[in-house]
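Report on one structure; see the data block that follows.
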Amino acid sequence: MQETAAFTVEVQARFLVFVYARVLGFMGPAERKGPGVIITFDGSPVELSWVIPNRSKPRRGEATRQLRFAIEPLHPETGIPLKGALILDYLTSLEGGLGVVSCPDQGMKWRKETENFLFPDDEGDEIPTGSRFFVGFDFKSSGTLTLKVYYNTAFCPPSGQLRITSQEPNVDAPDFKSLGKLLPHLHPTLIKPFETLRSYFDNLEESRRPLVGMLALDCIEPDTNRLKIYCHTMTGTSWADAKRSFTLGGALDGPNIDRVVQKLEILWNHMFPDATSTINVDVVPTLNPDRIEPKEDDQPRQPDGGLLFYYELIAGESVVNPKIYVPVRTYCPNDLFVCNAIEKFYDDVGVEGPEVGEHGQGWVAREIGKAYNHRKLNAASGIHTHISIGAKKFGWELTSYLSTEVWR
């Protein structure tokens, strides 16, 4: 994947050394132990993301792909989830970062404020009960990487879900009324866009309110950071449902959002030919006997259906940037189908494969097949976990999320 992204050989070597020396040890034992992970459906402790720039052709000398991955850190012998603060302190140290991790002086401020909000009584070295932690690595073509952090409490009893409404707080869990008290400590400009989000949720029927269960942020300077609020809808998977949640019922509008919704509709119609925007029926799970299914146990895991969204609040900006994640693993017949749908989308919007890499008919499938060659793409779904489209300040971004299927 680094080669396809046009990273130099020197940069590829730096990243491979870092991953082998500092990351693989946090991905658990060779056999399945411990309570399992929730970062992927199939139990793999790592998920990669793959962004193809939305220009028709990359500029000369720049990376042709954005490559990122996230892990759910586990103890190498027991498989027990590890505490985020310990992982982050190590990775940003001279010993842990190996000169590859880039983190400014104030890069840990938001994550410390968020940990204090979510886990005010936490003092030990174990991960707080009822939570999970992911750390993301964003590769730069310069040979450095930045960190992203994710705090999940929605699907890990007994914590329950976070809340975003103005209703009375749930005494058993942090609520999003309390989050209003956190925002000034992160950045006061987050308050206005958050109120747009809360207003939409306040007006939803209780049965249609999404689960709100994960907060994410970057490890960068506070004045350029962002807070991402992840929400999972379990009812309503039609195009109308997707568009409504993406635009907060029309509260998010304007030329840029309109263009992103147009792109989303094109992708949706290629992904779901039996539930297009004109048909407007719920997308239903596909039957695939070769797909890896979760173990039959009572361990926490993320839902295998519905629609996932995040709403991004950026320091210094007054708008909410939405992103939708479609669990194609559940709703598409196999990974080759997903690749072909993505390629049809790119054909419609005028994006081609890079001249130095795969191009021509089937280029998306060949890119994915080179990196994930442990099975045929048409054998099952599961390498692709989600496909997302998000609104950016001046456009849109499509991301593929990919599992290594380590337990296949």
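How things are named: the first chain in the structure tokens is A, the next is B, and so on; residues count from 1 in each chain; ligands count from 1 in the order shown.
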At a cut-off of 8 Å, using only C-alpha atoms, what residues contact Ala391 in chain A? Leave out same-chain residues fewer than 6 positions from it and give the result as an mmCIF file with N, CA and C atoms, in the first residue's frame.
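The resulting file, part-v2.cif, is reproduced below:
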data_model
loop_
_atom_site.group_PDB
_atom_site.id
_atom_site.type_symbol
_atom_site.label_atom_id
_atom_site.label_comp_id
_atom_site.auth_asym_id
_atom_site.auth_seq_id
_atom_site.Cartn_x
_atom_site.Cartn_y
_atom_site.Cartn_z
ATOM 1 N N ASN A 256 -21.523 23.668 -0.647
ATOM 2 C CA ASN A 256 -20.571 22.577 -0.417
ATOM 3 C C ASN A 256 -21.280 21.316 0.042
ATOM 4 N N ILE A 257 -22.180 21.439 1.019
ATOM 5 C CA ILE A 257 -22.932 20.269 1.488
ATOM 6 C C ILE A 257 -23.755 19.681 0.349
ATOM 7 N N VAL A 260 -21.552 17.562 -1.776
ATOM 8 C CA VAL A 260 -21.174 16.308 -1.114
ATOM 9 C C VAL A 260 -22.336 15.324 -1.137
ATOM 10 N N ASN A 321 -19.153 19.407 10.190
ATOM 11 C CA ASN A 321 -18.801 18.625 9.011
ATOM 12 C C ASN A 321 -19.220 17.176 9.243
ATOM 13 N N PRO A 322 -20.166 16.665 8.452
ATOM 14 C CA PRO A 322 -20.638 15.291 8.665
ATOM 15 C C PRO A 322 -19.877 14.283 7.820
ATOM 16 N N LYS A 323 -19.890 13.055 8.261
ATOM 17 C CA LYS A 323 -19.365 11.926 7.487
ATOM 18 C C LYS A 323 -20.269 10.729 7.735
ATOM 19 N N GLU A 397 -14.494 13.778 0.630
ATOM 20 C CA GLU A 397 -13.453 12.748 0.691
ATOM 21 C C GLU A 397 -14.109 11.390 0.843
#
Hey, can you check how far CA of Thr114 in chain A sits from CA of Tyr151 in chain A?
8.8 Å
Picked from range 219-331 of chain A by DSSP as strand (DSSP E), as JSON, numbers by chain
{"A": [226, 227, 228, 229, 230, 231, 232, 233, 307, 308, 309, 310, 311, 312, 313, 314, 320, 321, 322, 323, 324, 325, 326]}
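For Glu265 in chain A, the residues within 9 Å (counting only C-alpha atoms, excluding itself and residues fewer than 2 positions away along the chain) are Trp239, Lys243, Val260, Val261, Gln262, Lys263, Leu267, Trp268, Asn269, His270, Thr276 and Ser277 of chain A.
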Using only C-alpha atoms, which residues sit within 9 Å of range 69-82 of chain A once same-chain residues fewer than 3 positions away are excluded, as a PyMOL selection string?
chain A and resi 23-39+44-50+85-87+125-127+132-139+148-149+401-402
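Picture a line from CA of Tyr90 in chain A to CA of Arg226 in chain A; it runs 22.7 Å.
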I need the residue nearest Ala315 in chain A from this list: A:Gly124, A:Gly213, A:Pro222, A:Gly43. Use only C-alpha atoms for the distance.
A:Pro222
Go through A:Arg22, A:His386, A:Lys392, A:Lys181 and flag the residue nearest Pro327 in chain A, using only C-alpha atoms for the distances.
A:His386
Lys112 in chain A surroundings by only C-alpha atoms, 12 Å radius, close-in-sequence under 5 positions cut, as an MDAnalysis selection string
chainID A and resid 84:86 88:89 106:107 117:120 149 151 182 185:186 217:219 222
Next, dump the selected residues to file, keeping only N, CA and C atoms, as an mmCIF file, in the first residue's frame.
data_model
loop_
_atom_site.group_PDB
_atom_site.id
_atom_site.type_symbol
_atom_site.label_atom_id
_atom_site.label_comp_id
_atom_site.auth_asym_id
_atom_site.auth_seq_id
_atom_site.Cartn_x
_atom_site.Cartn_y
_atom_site.Cartn_z
ATOM 1 N N GLY A 84 -5.257 3.851 27.161
ATOM 2 C CA GLY A 84 -4.830 4.812 26.159
ATOM 3 C C GLY A 84 -3.722 5.734 26.617
ATOM 4 N N ALA A 85 -3.820 6.233 27.840
ATOM 5 C CA ALA A 85 -2.829 7.190 28.321
ATOM 6 C C ALA A 85 -1.426 6.586 28.308
ATOM 7 N N LEU A 86 -1.306 5.324 28.695
ATOM 8 C CA LEU A 86 0.007 4.680 28.715
ATOM 9 C C LEU A 86 0.551 4.513 27.295
ATOM 10 N N LEU A 88 -0.184 6.314 24.606
ATOM 11 C CA LEU A 88 0.133 7.611 24.010
ATOM 12 C C LEU A 88 1.400 8.209 24.612
ATOM 13 N N ASP A 89 1.556 8.074 25.923
ATOM 14 C CA ASP A 89 2.776 8.601 26.544
ATOM 15 C C ASP A 89 4.010 7.896 25.992
ATOM 16 N N GLN A 106 1.704 21.031 22.592
ATOM 17 C CA GLN A 106 0.337 21.006 23.123
ATOM 18 C C GLN A 106 -0.512 19.903 22.490
ATOM 19 N N GLY A 107 0.137 18.937 21.838
ATOM 20 C CA GLY A 107 -0.597 17.913 21.113
ATOM 21 C C GLY A 107 -1.379 16.951 21.988
ATOM 22 N N PHE A 117 -12.667 14.118 31.402
ATOM 23 C CA PHE A 117 -14.129 14.196 31.330
ATOM 24 C C PHE A 117 -14.766 12.813 31.357
ATOM 25 N N LEU A 118 -14.239 11.904 30.542
ATOM 26 C CA LEU A 118 -14.837 10.577 30.438
ATOM 27 C C LEU A 118 -14.574 9.719 31.670
ATOM 28 N N PHE A 119 -13.393 9.846 32.241
ATOM 29 C CA PHE A 119 -12.977 8.962 33.327
ATOM 30 C C PHE A 119 -12.441 9.785 34.499
ATOM 31 N N PRO A 120 -13.287 10.583 35.155
ATOM 32 C CA PRO A 120 -12.798 11.504 36.187
ATOM 33 C C PRO A 120 -12.206 10.817 37.410
ATOM 34 N N VAL A 149 -6.757 9.641 18.336
ATOM 35 C CA VAL A 149 -7.212 8.824 19.463
ATOM 36 C C VAL A 149 -8.732 8.711 19.428
ATOM 37 N N TYR A 151 -12.078 7.173 21.802
ATOM 38 C CA TYR A 151 -12.577 6.670 23.085
ATOM 39 C C TYR A 151 -13.997 6.172 22.871
ATOM 40 N N LEU A 182 -17.292 20.272 28.798
ATOM 41 C CA LEU A 182 -15.957 19.932 28.297
ATOM 42 C C LEU A 182 -15.507 20.881 27.188
ATOM 43 N N HIS A 185 -13.076 23.756 27.565
ATOM 44 C CA HIS A 185 -11.721 23.345 27.911
ATOM 45 C C HIS A 185 -10.941 22.894 26.678
ATOM 46 N N LEU A 186 -11.672 22.437 25.660
ATOM 47 C CA LEU A 186 -11.018 22.082 24.398
ATOM 48 C C LEU A 186 -10.813 23.334 23.558
ATOM 49 N N LEU A 217 -10.254 12.494 18.340
ATOM 50 C CA LEU A 217 -9.562 13.761 18.128
ATOM 51 C C LEU A 217 -8.142 13.476 17.671
ATOM 52 N N ASP A 218 -7.501 14.516 17.153
ATOM 53 C CA ASP A 218 -6.120 14.404 16.697
ATOM 54 C C ASP A 218 -5.168 14.840 17.802
ATOM 55 N N CYS A 219 -3.941 14.404 17.723
ATOM 56 C CA CYS A 219 -2.911 14.833 18.675
ATOM 57 C C CYS A 219 -2.102 15.955 18.026
ATOM 58 N N PRO A 222 -4.071 22.654 19.831
ATOM 59 C CA PRO A 222 -5.496 22.879 20.119
ATOM 60 C C PRO A 222 -6.201 23.792 19.122
#
Contact check, range 35-136 of chain A to range 364-385 of chain A, at most 9 Å, counting only C-alpha atoms, closest pairs as CSV:
residue,atom,partner,partner_atom,distance
A:Thr40,CA,A:Thr385,CA,7.5
A:Phe41,CA,A:Thr385,CA,7.7
A:Asp42,CA,A:Gly382,CA,7.8
A:Glu47,CA,A:Thr385,CA,8.5
What does the distance between CA of Thr247 in chain A and CA of Arg208 in chain A come to in Å, to one decimal place?
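So the answer is 15.4 Å.
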Write out as a ChimeraX atom specification which residues come within 10 Å of Val281 in chain A when counting only C-alpha atoms, dropping same-chain ones fewer than 2 positions away.
/A:236-241,274-279,283-284
Mind dumping the selected residues with all heavy atoms as an mmCIF file, in the first residue's frame?
data_model
loop_
_atom_site.group_PDB
_atom_site.id
_atom_site.type_symbol
_atom_site.label_atom_id
_atom_site.label_comp_id
_atom_site.auth_asym_id
_atom_site.auth_seq_id
_atom_site.Cartn_x
_atom_site.Cartn_y
_atom_site.Cartn_z
ATOM 1 N N GLY A 236 -33.701 2.368 10.147
ATOM 2 C CA GLY A 236 -33.728 3.248 8.996
ATOM 3 C C GLY A 236 -32.420 3.224 8.229
ATOM 4 O O GLY A 236 -31.451 3.878 8.615
ATOM 5 N N THR A 237 -32.378 2.458 7.134
ATOM 6 C CA THR A 237 -31.159 2.363 6.327
ATOM 7 C C THR A 237 -31.444 2.707 4.867
ATOM 8 O O THR A 237 -30.740 2.260 3.970
ATOM 9 C CB THR A 237 -30.547 0.954 6.416
ATOM 10 O OG1 THR A 237 -31.520 -0.015 5.999
ATOM 11 C CG2 THR A 237 -30.078 0.637 7.822
ATOM 12 N N SER A 238 -32.483 3.487 4.614
ATOM 13 C CA SER A 238 -32.799 3.906 3.255
ATOM 14 C C SER A 238 -31.978 5.134 2.887
ATOM 15 O O SER A 238 -31.331 5.760 3.738
ATOM 16 C CB SER A 238 -34.286 4.230 3.129
ATOM 17 O OG SER A 238 -34.594 5.431 3.851
ATOM 18 N N TRP A 239 -32.032 5.516 1.602
ATOM 19 C CA TRP A 239 -31.351 6.729 1.160
ATOM 20 C C TRP A 239 -31.882 7.951 1.908
ATOM 21 O O TRP A 239 -31.111 8.806 2.340
ATOM 22 C CB TRP A 239 -31.513 6.920 -0.348
ATOM 23 C CG TRP A 239 -31.182 8.321 -0.781
ATOM 24 C CD1 TRP A 239 -32.043 9.276 -1.239
ATOM 25 C CD2 TRP A 239 -29.887 8.950 -0.731
ATOM 26 N NE1 TRP A 239 -31.379 10.450 -1.484
ATOM 27 C CE2 TRP A 239 -30.055 10.280 -1.191
ATOM 28 C CE3 TRP A 239 -28.628 8.515 -0.346
ATOM 29 C CZ2 TRP A 239 -28.995 11.181 -1.275
ATOM 30 C CZ3 TRP A 239 -27.557 9.412 -0.438
ATOM 31 C CH2 TRP A 239 -27.751 10.728 -0.891
ATOM 32 N N ALA A 240 -33.203 8.022 2.092
ATOM 33 C CA ALA A 240 -33.773 9.171 2.801
ATOM 34 C C ALA A 240 -33.253 9.252 4.222
ATOM 35 O O ALA A 240 -32.971 10.349 4.743
ATOM 36 C CB ALA A 240 -35.302 9.089 2.787
ATOM 37 N N ASP A 241 -33.118 8.100 4.886
ATOM 38 C CA ASP A 241 -32.572 8.076 6.249
ATOM 39 C C ASP A 241 -31.125 8.551 6.260
ATOM 40 O O ASP A 241 -30.721 9.328 7.135
ATOM 41 C CB ASP A 241 -32.655 6.665 6.829
ATOM 42 C CG ASP A 241 -34.075 6.179 7.012
ATOM 43 O OD1 ASP A 241 -34.904 6.936 7.541
ATOM 44 O OD2 ASP A 241 -34.358 5.041 6.592
ATOM 45 N N ASP A 274 -30.412 -2.259 -5.470
ATOM 46 C CA ASP A 274 -31.775 -2.659 -5.107
ATOM 47 C C ASP A 274 -32.415 -1.709 -4.103
ATOM 48 O O ASP A 274 -33.559 -1.933 -3.681
ATOM 49 C CB ASP A 274 -31.784 -4.075 -4.530
ATOM 50 C CG ASP A 274 -31.342 -5.119 -5.548
ATOM 51 O OD1 ASP A 274 -31.650 -4.933 -6.740
ATOM 52 O OD2 ASP A 274 -30.676 -6.093 -5.144
ATOM 53 N N ALA A 275 -31.675 -0.675 -3.693
ATOM 54 C CA ALA A 275 -32.214 0.298 -2.726
ATOM 55 C C ALA A 275 -31.703 1.695 -3.075
ATOM 56 O O ALA A 275 -31.227 2.428 -2.216
ATOM 57 C CB ALA A 275 -31.819 -0.090 -1.301
ATOM 58 N N THR A 276 -31.798 2.049 -4.360
ATOM 59 C CA THR A 276 -31.283 3.339 -4.812
ATOM 60 C C THR A 276 -32.096 4.485 -4.240
ATOM 61 O O THR A 276 -33.141 4.284 -3.605
ATOM 62 C CB THR A 276 -31.310 3.412 -6.351
ATOM 63 O OG1 THR A 276 -32.677 3.334 -6.780
ATOM 64 C CG2 THR A 276 -30.511 2.282 -6.967
ATOM 65 N N SER A 277 -31.634 5.688 -4.514
ATOM 66 C CA SER A 277 -32.317 6.879 -3.999
ATOM 67 C C SER A 277 -33.709 7.031 -4.592
ATOM 68 O O SER A 277 -34.586 7.646 -3.968
ATOM 69 C CB SER A 277 -31.481 8.123 -4.299
ATOM 70 O OG SER A 277 -31.227 8.246 -5.686
ATOM 71 N N THR A 278 -33.944 6.493 -5.788
ATOM 72 C CA THR A 278 -35.281 6.588 -6.385
ATOM 73 C C THR A 278 -36.214 5.513 -5.839
ATOM 74 O O THR A 278 -37.420 5.740 -5.705
ATOM 75 C CB THR A 278 -35.196 6.459 -7.915
ATOM 76 O OG1 THR A 278 -34.512 5.250 -8.257
ATOM 77 C CG2 THR A 278 -34.448 7.641 -8.511
ATOM 78 N N ILE A 279 -35.646 4.345 -5.506
ATOM 79 C CA ILE A 279 -36.470 3.287 -4.904
ATOM 80 C C ILE A 279 -36.751 3.619 -3.442
ATOM 81 O O ILE A 279 -37.866 3.471 -2.941
ATOM 82 C CB ILE A 279 -35.778 1.915 -5.026
ATOM 83 C CG1 ILE A 279 -35.518 1.571 -6.490
ATOM 84 C CG2 ILE A 279 -36.597 0.822 -4.351
ATOM 85 C CD1 ILE A 279 -34.691 0.314 -6.699
ATOM 86 N N VAL A 283 -31.839 -0.669 2.984
ATOM 87 C CA VAL A 283 -30.825 -1.638 2.591
ATOM 88 C C VAL A 283 -30.891 -2.800 3.578
ATOM 89 O O VAL A 283 -31.041 -2.599 4.785
ATOM 90 C CB VAL A 283 -29.424 -0.997 2.621
ATOM 91 C CG1 VAL A 283 -28.362 -2.005 2.244
ATOM 92 C CG2 VAL A 283 -29.366 0.212 1.698
ATOM 93 N N VAL A 284 -30.788 -4.019 3.081
ATOM 94 C CA VAL A 284 -30.882 -5.191 3.956
ATOM 95 C C VAL A 284 -29.577 -5.968 3.895
ATOM 96 O O VAL A 284 -28.870 -5.953 2.881
ATOM 97 C CB VAL A 284 -32.057 -6.104 3.549
ATOM 98 C CG1 VAL A 284 -33.372 -5.377 3.721
ATOM 99 C CG2 VAL A 284 -31.905 -6.585 2.111
#
Compare A:Leu248, A:Ile342, A:Met234, A:Ala5 by their minimum atom-to-atom distance to Gly305 in chain A, counting only C-alpha atoms, and give me the closest one.
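Smallest distance to Gly305 in chain A is found for A:Met234.
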Give me, as a count of residues only, the residues of range 204-308 of chain A that a backbone DSSP run labels alpha helix (DSSP H).
25
